[in-house]
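*Asks:* Pasting in a structure now, in structure tokens, and then I'll have a few things to ask.
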Amino acid sequence: MSRETSDLVRATSERRPALVFLRGELLAVPIPLERDEVILGRALEADVRINDPRASRLHARIKIEHDSETDETRYRISDLGSTNGTLLNGQPISEAFLRDGDKITIGEHLMRFDMLDEIDREYQRQIHRLLAHDELTGLLTSKSFFSELRRESARAELESRPFCVLMMDLDHFKEVNDTYGHLAGSQTLEETGMVITRALRAGDVAARFGGEEFAAFLLDADIAQGIVAAERVRAEVEAHAFPATRHGANEAEPKTHHITISIGVAAFPEDARDPIELMEMADSALYRAKALGRNRVCTYRQVSRENKDPLPSRRE
């Protein structure tokens with residue numbers, strides 16, 4: 001037997017229990033069930049956190065049970081007195097033993113109990129990466145970004161840690177498409193994602209919101225640190241040479257072009273504690289940065305000082 005064949009046999013023979021999300025924020029994520037007891041629920045202390053208003057704080061438990069006589073391992077799911085109940089294959093249960101392929105419903109979230117080998121687990125991880133990340137830039141999608149933001153804001157609230165939200169929008173991006181073509185436009189968006197990632201710290205999270213709009217949140221960062229990070233992104237985008245070559249272009253046409261970015265910043269907990277409200281505040285600050293001439297960073301504090309009435313979030 002070759003080494004490759006031996007590795008394949010080993011990878012497919014070691015099947016371990018996991019929950020695979022079929023619906024909800026963690027779509028396609030395989031959650032390994034390697035502890036003797038796993039708690040599912042909305043609370044931060046739950047082992048598998050389900051961010052769903054219809055889920056109880058401590059909603060259900062999956063417990064591994066070993067039968068010493070038969071050497072059999074079984075997985076018992078128990079409802080922990082949840083408000084809206086736990087469904088197994090569409091039926092409400094107080095407790096039951098799980099079988100490979102069983103489907104568990106908690107609130108709006110649907111999970112499948114699977115015995116996965118390493119190849120299965122890697123496949124599920126790849127599927128999740130494809131669903132959670134923007135195809136062009138590799139950054140998170142807006143849906144995945146909001147999921148991460150809600151999760152981290154709850155943790156920041158619990159641990160009294162600051163964080164900042166950035167909303168970013170390329171200036172006059174339509175001119176890139178009109179002047180250099182849509183291929184150059186796509187390459188500009190792709191490289192903007194790279195520039196933003198490079199400018200942020202390793203633990204910060206960035207996303208593409210569609211079109212030429214981007215967002216990020218910075219963990220353990222107060223407003224001063226948020227402004228520094230935003231300025232670093234703004235300066236690096238302004239300095240970057242983006243590709244401008246068109247098919248059939250002559251030698252006299254430029255090979256690169258430059259573009260700028262406007263950024264709005266809002267801070268937790270000073271500006272707001274709710275993550276969606278923070279996003280709206282950062283968006284208002286971004287609108288103000290656009291109105292002041294673009295290629296600049298504006299904080300929500302500046303907006304609130306300068307305007308008693310809330311600014312609209314629409315940008316031209």
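Residue names in the structure tokens use chain letters A, B, ... in the order shown, residue numbers from 1 in each chain, and ligand numbers from 1 in the order shown.
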Do a neighbour search on Ile196 of chain A at 12 Å with only C-alpha atoms, toss out local chain neighbours closer than 3 positions, and write the hits as a PyMOL selection string.
*Replies:* chain A and resi 137-139+166-170+189-193+199-202+204-208+213-217+229-238+240+261+263
*Asks:* Could the residues in this selection be saved with N, CA, C and O atoms as a compact mmCIF listing (two decimals), in the first residue's frame?
*Replies:*
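Contents of the output file selection09.txt:
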# COMPACT_ATOMS: atom_id res chain seq x y z
N THR A 137 -12.60 39.72 -3.40
CA THR A 137 -11.57 40.27 -2.52
C THR A 137 -11.06 39.29 -1.47
O THR A 137 -9.99 39.50 -0.88
N GLY A 138 -11.82 38.23 -1.20
CA GLY A 138 -11.45 37.30 -0.13
C GLY A 138 -11.83 37.79 1.25
O GLY A 138 -11.64 37.08 2.24
N LEU A 139 -12.38 39.02 1.36
CA LEU A 139 -12.85 39.52 2.64
C LEU A 139 -14.19 38.88 2.99
O LEU A 139 -14.82 38.24 2.16
N LEU A 166 -15.37 50.67 11.32
CA LEU A 166 -15.02 51.53 10.20
C LEU A 166 -15.93 51.23 9.03
O LEU A 166 -16.14 50.07 8.68
N MET A 167 -16.50 52.26 8.42
CA MET A 167 -17.20 52.14 7.15
C MET A 167 -16.37 52.89 6.12
O MET A 167 -15.96 54.03 6.35
N MET A 168 -16.12 52.24 4.96
CA MET A 168 -15.19 52.79 3.97
C MET A 168 -15.81 52.73 2.57
O MET A 168 -16.50 51.77 2.25
N ASP A 169 -15.54 53.74 1.77
CA ASP A 169 -16.09 53.79 0.42
C ASP A 169 -15.08 54.46 -0.51
O ASP A 169 -14.58 55.55 -0.22
N LEU A 170 -14.77 53.79 -1.63
CA LEU A 170 -13.85 54.37 -2.61
C LEU A 170 -14.46 55.62 -3.24
O LEU A 170 -15.66 55.65 -3.53
N LEU A 189 -10.94 46.81 -7.04
CA LEU A 189 -11.64 46.33 -5.85
C LEU A 189 -10.86 45.21 -5.17
O LEU A 189 -10.73 45.16 -3.95
N GLU A 190 -10.34 44.29 -5.98
CA GLU A 190 -9.57 43.16 -5.43
C GLU A 190 -8.35 43.66 -4.67
O GLU A 190 -8.08 43.22 -3.54
N GLU A 191 -7.61 44.60 -5.26
CA GLU A 191 -6.41 45.10 -4.60
C GLU A 191 -6.73 46.01 -3.42
O GLU A 191 -5.96 46.10 -2.47
N THR A 192 -7.90 46.68 -3.46
CA THR A 192 -8.32 47.46 -2.30
C THR A 192 -8.50 46.56 -1.09
O THR A 192 -8.09 46.91 0.02
N GLY A 193 -9.08 45.38 -1.30
CA GLY A 193 -9.21 44.42 -0.22
C GLY A 193 -7.86 44.03 0.35
O GLY A 193 -7.68 43.92 1.58
N ALA A 199 -3.17 46.95 5.90
CA ALA A 199 -3.10 48.12 6.77
C ALA A 199 -3.64 47.85 8.17
O ALA A 199 -3.24 48.51 9.13
N LEU A 200 -4.55 46.88 8.30
CA LEU A 200 -5.13 46.57 9.60
C LEU A 200 -4.26 45.59 10.37
O LEU A 200 -3.36 44.97 9.82
N ARG A 201 -4.55 45.45 11.67
CA ARG A 201 -3.81 44.50 12.50
C ARG A 201 -4.29 43.08 12.21
O ARG A 201 -5.36 42.86 11.64
N ALA A 202 -3.53 42.11 12.70
CA ALA A 202 -3.83 40.71 12.42
C ALA A 202 -5.19 40.29 12.95
O ALA A 202 -5.89 39.50 12.34
N ASP A 204 -7.91 42.18 13.41
CA ASP A 204 -9.04 42.98 12.94
C ASP A 204 -9.79 42.24 11.83
O ASP A 204 -9.23 41.39 11.15
N VAL A 205 -11.06 42.58 11.65
CA VAL A 205 -11.92 41.87 10.70
C VAL A 205 -12.44 42.85 9.65
O VAL A 205 -12.99 43.91 9.99
N ALA A 206 -12.26 42.52 8.37
CA ALA A 206 -12.69 43.39 7.27
C ALA A 206 -13.66 42.65 6.37
O ALA A 206 -13.65 41.43 6.27
N ALA A 207 -14.51 43.43 5.68
CA ALA A 207 -15.51 42.85 4.79
C ALA A 207 -15.74 43.77 3.61
O ALA A 207 -15.48 44.97 3.67
N ARG A 208 -16.24 43.18 2.54
CA ARG A 208 -16.72 43.96 1.40
C ARG A 208 -18.23 43.94 1.46
O ARG A 208 -18.85 42.87 1.53
N GLU A 213 -17.89 49.51 -1.48
CA GLU A 213 -18.01 49.80 -0.05
C GLU A 213 -17.40 48.66 0.78
O GLU A 213 -17.63 47.49 0.51
N PHE A 214 -16.64 49.05 1.82
CA PHE A 214 -15.96 48.10 2.69
C PHE A 214 -16.25 48.46 4.14
O PHE A 214 -16.69 49.57 4.44
N ALA A 215 -16.00 47.51 5.03
CA ALA A 215 -16.20 47.76 6.46
C ALA A 215 -15.15 46.98 7.24
O ALA A 215 -14.54 46.03 6.73
N ALA A 216 -14.94 47.38 8.49
CA ALA A 216 -14.02 46.65 9.37
C ALA A 216 -14.40 46.93 10.81
O ALA A 216 -15.01 47.96 11.12
N PHE A 217 -14.07 46.00 11.71
CA PHE A 217 -14.11 46.32 13.12
C PHE A 217 -12.79 45.94 13.76
O PHE A 217 -12.16 44.96 13.38
N ALA A 229 -5.79 53.73 12.79
CA ALA A 229 -5.95 52.63 11.82
C ALA A 229 -6.63 53.11 10.55
O ALA A 229 -6.24 52.74 9.44
N ALA A 230 -7.68 53.93 10.71
CA ALA A 230 -8.39 54.44 9.53
C ALA A 230 -7.49 55.32 8.67
O ALA A 230 -7.52 55.24 7.44
N GLU A 231 -6.68 56.15 9.32
CA GLU A 231 -5.75 57.00 8.57
C GLU A 231 -4.71 56.16 7.84
O GLU A 231 -4.29 56.50 6.73
N ARG A 232 -4.30 55.06 8.46
CA ARG A 232 -3.33 54.18 7.80
C ARG A 232 -3.94 53.55 6.55
O ARG A 232 -3.29 53.48 5.50
N VAL A 233 -5.20 53.12 6.65
CA VAL A 233 -5.90 52.57 5.48
C VAL A 233 -6.02 53.64 4.40
O VAL A 233 -5.71 53.40 3.22
N ARG A 234 -6.46 54.84 4.79
CA ARG A 234 -6.66 55.92 3.82
C ARG A 234 -5.36 56.25 3.08
O ARG A 234 -5.34 56.37 1.85
N ALA A 235 -4.26 56.37 3.83
CA ALA A 235 -2.97 56.74 3.23
C ALA A 235 -2.46 55.64 2.30
O ALA A 235 -1.91 55.93 1.23
N GLU A 236 -2.63 54.37 2.71
CA GLU A 236 -2.11 53.28 1.87
C GLU A 236 -2.93 53.11 0.60
O GLU A 236 -2.37 52.76 -0.45
N VAL A 237 -4.23 53.34 0.66
CA VAL A 237 -5.04 53.29 -0.57
C VAL A 237 -4.63 54.42 -1.50
O VAL A 237 -4.45 54.23 -2.70
N GLU A 238 -4.44 55.63 -0.95
CA GLU A 238 -4.06 56.78 -1.77
C GLU A 238 -2.71 56.57 -2.45
O GLU A 238 -2.51 56.97 -3.60
N HIS A 240 -1.30 53.63 -3.23
CA HIS A 240 -1.19 52.39 -4.00
C HIS A 240 -1.40 52.64 -5.50
O HIS A 240 -2.27 53.42 -5.90
N ILE A 261 -9.98 56.92 -0.75
CA ILE A 261 -11.06 56.29 0.02
C ILE A 261 -11.47 57.21 1.16
O ILE A 261 -10.64 57.91 1.74
N ILE A 263 -13.53 57.39 4.94
CA ILE A 263 -13.76 56.45 6.04
C ILE A 263 -14.50 57.14 7.18
O ILE A 263 -14.17 58.26 7.57
*Asks:* Which residues of segment 73-114 of chain A come within 6 Å of segment 62-67 of chain A, and for each one, what is the closest pair of atoms and their distance in Å to one decimal, counting only C-alpha atoms, sorted by chain and residue number, as a tab-separated table?
*Replies:*
residue	atom	partner	partner_atom	distance
A:Thr73	CA	A:His66	CA	4.6
A:Arg74	CA	A:Glu65	CA	5.2
A:Tyr75	CA	A:Ile64	CA	4.8
A:Arg76	CA	A:Lys63	CA	5.2
A:Ile77	CA	A:Ile62	CA	4.4
*Asks:* Store the residues picked out above, limited to N, CA and C atoms, as an mmCIF file, in the first residue's frame.
*Replies:*
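Just written: again.cif:
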data_model
loop_
_atom_site.group_PDB
_atom_site.id
_atom_site.type_symbol
_atom_site.label_atom_id
_atom_site.label_comp_id
_atom_site.auth_asym_id
_atom_site.auth_seq_id
_atom_site.Cartn_x
_atom_site.Cartn_y
_atom_site.Cartn_z
ATOM 1 N N THR A 73 -20.416 3.966 21.819
ATOM 2 C CA THR A 73 -20.513 5.375 22.179
ATOM 3 C C THR A 73 -21.806 5.939 21.612
ATOM 4 N N ARG A 74 -22.576 6.563 22.486
ATOM 5 C CA ARG A 74 -23.849 7.143 22.055
ATOM 6 C C ARG A 74 -23.874 8.626 22.416
ATOM 7 N N TYR A 75 -24.713 9.373 21.699
ATOM 8 C CA TYR A 75 -24.786 10.819 21.858
ATOM 9 C C TYR A 75 -26.221 11.196 22.200
ATOM 10 N N ARG A 76 -26.414 11.619 23.443
ATOM 11 C CA ARG A 76 -27.747 11.948 23.947
ATOM 12 C C ARG A 76 -27.961 13.460 23.879
ATOM 13 N N ILE A 77 -29.052 13.907 23.235
ATOM 14 C CA ILE A 77 -29.417 15.319 23.224
ATOM 15 C C ILE A 77 -30.571 15.525 24.190
#
*Asks:* Using only C-alpha atoms, determine which residues lie at most 12 Å from segment 145-159 of chain A, disregarding the query and same-chain residues fewer than 2 positions distant; provide the list as a ChimeraX atom specification.
*Replies:* /A:24-27,42-45,48-52,131-134,139-143,161-166,203-209,214-222,267-269,272-279
*Asks:* Could you find all residues in segment 8-213 of chain A that DSSP calls strand (DSSP E) from the backbone, and write them as a ChimeraX atom specification?
*Replies:* /A:16-23,30-32,37-41,48-49,60-67,72-79,86-88,91-93,95-97,103-106,109-116,163-170,205-210,213
*Asks:* I need the residues in segment 157-291 of chain A that are alpha helix (DSSP H) according to DSSP; give them as a PyMOL selection string.
*Replies:* chain A and resi 157-159+173-180+182-199+223-239+275-291
*Asks:* Please, what distance in Å, to one decimal, runs between atom CA of Thr197 of chain A and atom CA of Phe21 of chain A?
*Replies:*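 A separation of 28.0 Å between them.
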*Asks:* Pick out the closest residue to Thr299 of chain A from this set: A:Ala224, A:Pro254, A:Arg198, A:Arg112. Count only C-alpha atoms.
*Replies:*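 Closest to Thr299 of chain A, using only C-alpha atoms: A:Ala224.
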*Asks:* Applying 9 Å and only C-alpha atoms, which residues near Ile227 of chain A remain after dropping the ones on its own chain fewer than 6 positions away? List them as a PyMOL selection string.
*Replies:* chain A and resi 265+297-299
*Asks:* Got a sec: who's within 12 Å of Val176 of chain A, counting only C-alpha atoms, leaving out chain neighbours fewer than 6 positions off, as a ChimeraX atom specification?
*Replies:* /A:170,182-189,212,242-246,256-260
*Asks:* Grab the residues selected above and save them as a short mmCIF file (atom, residue, chain, number, x, y, z; two decimals), in the first residue's frame with all heavy atoms.
*Replies:*
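To be explicit, this is the file written out as again.cif:
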data_model
loop_
_atom_site.label_atom_id
_atom_site.label_comp_id
_atom_site.auth_asym_id
_atom_site.auth_seq_id
_atom_site.Cartn_x
_atom_site.Cartn_y
_atom_site.Cartn_z
N LEU A 170 -14.77 53.79 -1.63
CA LEU A 170 -13.85 54.37 -2.61
C LEU A 170 -14.46 55.62 -3.24
O LEU A 170 -15.66 55.65 -3.53
CB LEU A 170 -13.51 53.35 -3.69
CG LEU A 170 -12.64 52.16 -3.25
CD1 LEU A 170 -12.51 51.16 -4.39
CD2 LEU A 170 -11.26 52.63 -2.79
N HIS A 182 -14.26 47.74 -16.97
CA HIS A 182 -14.72 47.00 -15.79
C HIS A 182 -13.68 46.00 -15.28
O HIS A 182 -13.68 45.67 -14.09
CB HIS A 182 -16.04 46.29 -16.10
CG HIS A 182 -17.19 47.25 -16.22
ND1 HIS A 182 -17.85 47.75 -15.12
CD2 HIS A 182 -17.78 47.82 -17.30
CE1 HIS A 182 -18.81 48.57 -15.52
NE2 HIS A 182 -18.79 48.63 -16.85
N LEU A 183 -12.81 45.51 -16.14
CA LEU A 183 -11.76 44.61 -15.67
C LEU A 183 -10.83 45.34 -14.71
O LEU A 183 -10.49 44.83 -13.64
CB LEU A 183 -10.96 44.04 -16.85
CG LEU A 183 -9.78 43.13 -16.47
CD1 LEU A 183 -10.26 41.94 -15.65
CD2 LEU A 183 -9.04 42.66 -17.73
N ALA A 184 -10.42 46.55 -15.09
CA ALA A 184 -9.59 47.37 -14.20
C ALA A 184 -10.35 47.70 -12.92
O ALA A 184 -9.77 47.74 -11.84
CB ALA A 184 -9.15 48.65 -14.91
N GLY A 185 -11.66 47.92 -13.05
CA GLY A 185 -12.48 48.18 -11.86
C GLY A 185 -12.47 47.01 -10.90
O GLY A 185 -12.32 47.18 -9.69
N SER A 186 -12.63 45.80 -11.45
CA SER A 186 -12.61 44.60 -10.60
C SER A 186 -11.24 44.41 -9.95
O SER A 186 -11.14 44.06 -8.77
CB SER A 186 -12.96 43.36 -11.43
OG SER A 186 -14.30 43.42 -11.89
N GLN A 187 -10.18 44.66 -10.73
CA GLN A 187 -8.83 44.54 -10.16
C GLN A 187 -8.59 45.58 -9.07
O GLN A 187 -7.92 45.31 -8.07
CB GLN A 187 -7.79 44.69 -11.27
CG GLN A 187 -7.77 43.53 -12.25
CD GLN A 187 -6.84 43.78 -13.43
OE1 GLN A 187 -6.74 44.89 -13.95
NE2 GLN A 187 -6.13 42.73 -13.85
N THR A 188 -9.18 46.76 -9.25
CA THR A 188 -9.06 47.81 -8.23
C THR A 188 -9.74 47.38 -6.94
O THR A 188 -9.18 47.55 -5.84
CB THR A 188 -9.67 49.13 -8.74
OG1 THR A 188 -8.93 49.58 -9.88
CG2 THR A 188 -9.65 50.20 -7.65
N LEU A 189 -10.94 46.81 -7.04
CA LEU A 189 -11.64 46.33 -5.85
C LEU A 189 -10.86 45.21 -5.17
O LEU A 189 -10.73 45.16 -3.95
CB LEU A 189 -13.04 45.85 -6.22
CG LEU A 189 -14.01 46.92 -6.69
CD1 LEU A 189 -15.29 46.29 -7.20
CD2 LEU A 189 -14.31 47.91 -5.56
N GLU A 212 -18.27 49.26 -4.16
CA GLU A 212 -16.98 49.79 -3.72
C GLU A 212 -16.98 50.11 -2.23
O GLU A 212 -16.15 50.87 -1.75
CB GLU A 212 -16.62 51.04 -4.52
CG GLU A 212 -17.57 52.20 -4.36
CD GLU A 212 -18.72 52.21 -5.37
OE1 GLU A 212 -19.12 51.12 -5.83
OE2 GLU A 212 -19.20 53.31 -5.69
N PHE A 242 -2.86 51.21 -8.66
CA PHE A 242 -3.80 50.18 -9.09
C PHE A 242 -3.66 49.94 -10.60
O PHE A 242 -3.35 50.87 -11.36
CB PHE A 242 -5.23 50.62 -8.78
CG PHE A 242 -5.54 50.67 -7.31
CD1 PHE A 242 -5.38 51.85 -6.59
CD2 PHE A 242 -5.98 49.54 -6.64
CE1 PHE A 242 -5.67 51.90 -5.24
CE2 PHE A 242 -6.26 49.58 -5.29
CZ PHE A 242 -6.10 50.77 -4.58
N PRO A 243 -3.89 48.72 -11.07
CA PRO A 243 -3.75 48.42 -12.50
C PRO A 243 -4.78 49.16 -13.34
O PRO A 243 -5.95 49.27 -12.96
CB PRO A 243 -3.95 46.91 -12.57
CG PRO A 243 -4.73 46.56 -11.34
CD PRO A 243 -4.28 47.52 -10.29
N ALA A 244 -4.33 49.70 -14.50
CA ALA A 244 -5.22 50.46 -15.37
C ALA A 244 -5.15 50.00 -16.81
O ALA A 244 -5.76 50.61 -17.69
CB ALA A 244 -4.88 51.94 -15.29
N THR A 245 -4.41 48.93 -17.09
CA THR A 245 -4.22 48.49 -18.47
C THR A 245 -5.51 47.91 -19.04
O THR A 245 -6.15 47.07 -18.42
CB THR A 245 -3.11 47.43 -18.55
OG1 THR A 245 -1.92 47.98 -17.98
CG2 THR A 245 -2.84 47.02 -19.97
N ARG A 246 -5.89 48.35 -20.22
CA ARG A 246 -7.07 47.83 -20.92
C ARG A 246 -6.63 46.96 -22.08
O ARG A 246 -5.54 47.11 -22.63
CB ARG A 246 -7.93 48.98 -21.45
CG ARG A 246 -8.53 49.84 -20.35
CD ARG A 246 -9.48 50.87 -20.92
NE ARG A 246 -8.79 51.82 -21.81
CZ ARG A 246 -9.40 52.80 -22.43
NH1 ARG A 246 -10.71 52.95 -22.32
NH2 ARG A 246 -8.72 53.64 -23.20
N THR A 256 -1.06 52.30 -14.67
CA THR A 256 -1.64 52.29 -13.32
C THR A 256 -2.48 53.55 -13.10
O THR A 256 -2.38 54.51 -13.87
CB THR A 256 -0.55 52.22 -12.24
OG1 THR A 256 0.28 53.38 -12.34
CG2 THR A 256 0.29 50.95 -12.37
N HIS A 257 -3.27 53.52 -12.07
CA HIS A 257 -4.04 54.71 -11.69
C HIS A 257 -4.11 54.77 -10.17
O HIS A 257 -3.79 53.80 -9.47
CB HIS A 257 -5.46 54.66 -12.28
CG HIS A 257 -6.37 53.69 -11.58
ND1 HIS A 257 -7.21 54.06 -10.56
CD2 HIS A 257 -6.57 52.34 -11.76
CE1 HIS A 257 -7.89 53.00 -10.14
NE2 HIS A 257 -7.53 51.95 -10.84
N HIS A 258 -4.53 55.90 -9.65
CA HIS A 258 -4.66 56.09 -8.21
C HIS A 258 -6.10 56.44 -7.86
O HIS A 258 -6.82 57.05 -8.66
CB HIS A 258 -3.71 57.18 -7.71
CG HIS A 258 -2.27 56.78 -7.77
ND1 HIS A 258 -1.64 56.13 -6.72
CD2 HIS A 258 -1.34 56.90 -8.76
CE1 HIS A 258 -0.39 55.87 -7.06
NE2 HIS A 258 -0.18 56.34 -8.29
N ILE A 259 -6.50 56.05 -6.67
CA ILE A 259 -7.85 56.33 -6.20
C ILE A 259 -7.76 56.60 -4.70
O ILE A 259 -6.77 56.23 -4.05
CB ILE A 259 -8.79 55.13 -6.50
CG1 ILE A 259 -10.26 55.57 -6.39
CG2 ILE A 259 -8.50 53.94 -5.59
CD1 ILE A 259 -11.23 54.53 -6.94
N THR A 260 -8.76 57.25 -4.16
CA THR A 260 -8.77 57.54 -2.72
C THR A 260 -9.99 56.89 -2.07
O THR A 260 -10.89 56.40 -2.74
CB THR A 260 -8.79 59.05 -2.46
OG1 THR A 260 -9.97 59.62 -3.07
CG2 THR A 260 -7.55 59.72 -3.05
#
*Asks:* Skip Leu40 of chain A itself and residues of its chain fewer than 5 positions away, then list as a PyMOL selection string all residues within 12 Å of it, counting only C-alpha atoms.
*Replies:* chain A and resi 19+31+33+45-52+55-63+77-80+82+86+104-107+109+111
*Asks:* Using only C-alpha atoms, determine which residues lie at most 9 Å from Asp100 of chain A, disregarding the query and same-chain residues fewer than 4 positions distant; provide the list as a VMD selection string.
*Replies:* chain A and resid 17 112 to 115
*Asks:* Please write the residues from the selection above to a file, keeping all heavy atoms, as a PDB file, in the first residue's frame.
*Replies:*
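Below is the file again-v3.pdb, written as the result:
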ATOM      1  N   PRO A  17     -17.843  12.808  15.636  1.00  0.00           N
ATOM      2  CA  PRO A  17     -19.143  13.496  15.615  1.00  0.00           C
ATOM      3  C   PRO A  17     -18.981  15.003  15.430  1.00  0.00           C
ATOM      4  O   PRO A  17     -18.040  15.616  15.934  1.00  0.00           O
ATOM      5  CB  PRO A  17     -19.730  13.167  16.985  1.00  0.00           C
ATOM      6  CG  PRO A  17     -18.532  12.981  17.863  1.00  0.00           C
ATOM      7  CD  PRO A  17     -17.490  12.338  16.992  1.00  0.00           C
ATOM      8  N   ARG A 112     -27.296  19.493  11.392  1.00  0.00           N
ATOM      9  CA  ARG A 112     -27.308  18.052  11.143  1.00  0.00           C
ATOM     10  C   ARG A 112     -26.216  17.392  11.974  1.00  0.00           C
ATOM     11  O   ARG A 112     -25.079  17.869  12.000  1.00  0.00           O
ATOM     12  CB  ARG A 112     -27.097  17.766   9.663  1.00  0.00           C
ATOM     13  CG  ARG A 112     -27.258  16.270   9.296  1.00  0.00           C
ATOM     14  CD  ARG A 112     -27.123  16.065   7.802  1.00  0.00           C
ATOM     15  NE  ARG A 112     -25.793  16.454   7.339  1.00  0.00           N
ATOM     16  CZ  ARG A 112     -25.566  17.153   6.224  1.00  0.00           C
ATOM     17  NH1 ARG A 112     -26.570  17.533   5.457  1.00  0.00           N
ATOM     18  NH2 ARG A 112     -24.330  17.464   5.867  1.00  0.00           N
ATOM     19  N   PHE A 113     -26.572  16.316  12.669  1.00  0.00           N
ATOM     20  CA  PHE A 113     -25.592  15.537  13.416  1.00  0.00           C
ATOM     21  C   PHE A 113     -24.945  14.559  12.448  1.00  0.00           C
ATOM     22  O   PHE A 113     -25.610  13.716  11.847  1.00  0.00           O
ATOM     23  CB  PHE A 113     -26.277  14.781  14.560  1.00  0.00           C
ATOM     24  CG  PHE A 113     -25.358  13.862  15.313  1.00  0.00           C
ATOM     25  CD1 PHE A 113     -24.455  14.357  16.237  1.00  0.00           C
ATOM     26  CD2 PHE A 113     -25.394  12.485  15.081  1.00  0.00           C
ATOM     27  CE1 PHE A 113     -23.603  13.505  16.926  1.00  0.00           C
ATOM     28  CE2 PHE A 113     -24.547  11.628  15.763  1.00  0.00           C
ATOM     29  CZ  PHE A 113     -23.654  12.134  16.698  1.00  0.00           C
ATOM     30  N   ASP A 114     -23.628  14.700  12.262  1.00  0.00           N
ATOM     31  CA  ASP A 114     -22.908  13.883  11.286  1.00  0.00           C
ATOM     32  C   ASP A 114     -21.695  13.233  11.916  1.00  0.00           C
ATOM     33  O   ASP A 114     -21.023  13.823  12.777  1.00  0.00           O
ATOM     34  CB  ASP A 114     -22.415  14.740  10.105  1.00  0.00           C
ATOM     35  CG  ASP A 114     -23.507  15.003   9.082  1.00  0.00           C
ATOM     36  OD1 ASP A 114     -24.472  14.231   9.024  1.00  0.00           O
ATOM     37  OD2 ASP A 114     -23.377  16.007   8.352  1.00  0.00           O
ATOM     38  N   MET A 115     -21.394  12.026  11.478  1.00  0.00           N
ATOM     39  CA  MET A 115     -20.123  11.383  11.797  1.00  0.00           C
ATOM     40  C   MET A 115     -19.208  11.637  10.603  1.00  0.00           C
ATOM     41  O   MET A 115     -19.379  11.044   9.530  1.00  0.00           O
ATOM     42  CB  MET A 115     -20.320   9.893  12.044  1.00  0.00           C
ATOM     43  CG  MET A 115     -21.230   9.574  13.220  1.00  0.00           C
ATOM     44  SD  MET A 115     -20.581  10.161  14.822  1.00  0.00           S
ATOM     45  CE  MET A 115     -19.107   9.143  14.965  1.00  0.00           C
TER      46      MET A 115
END
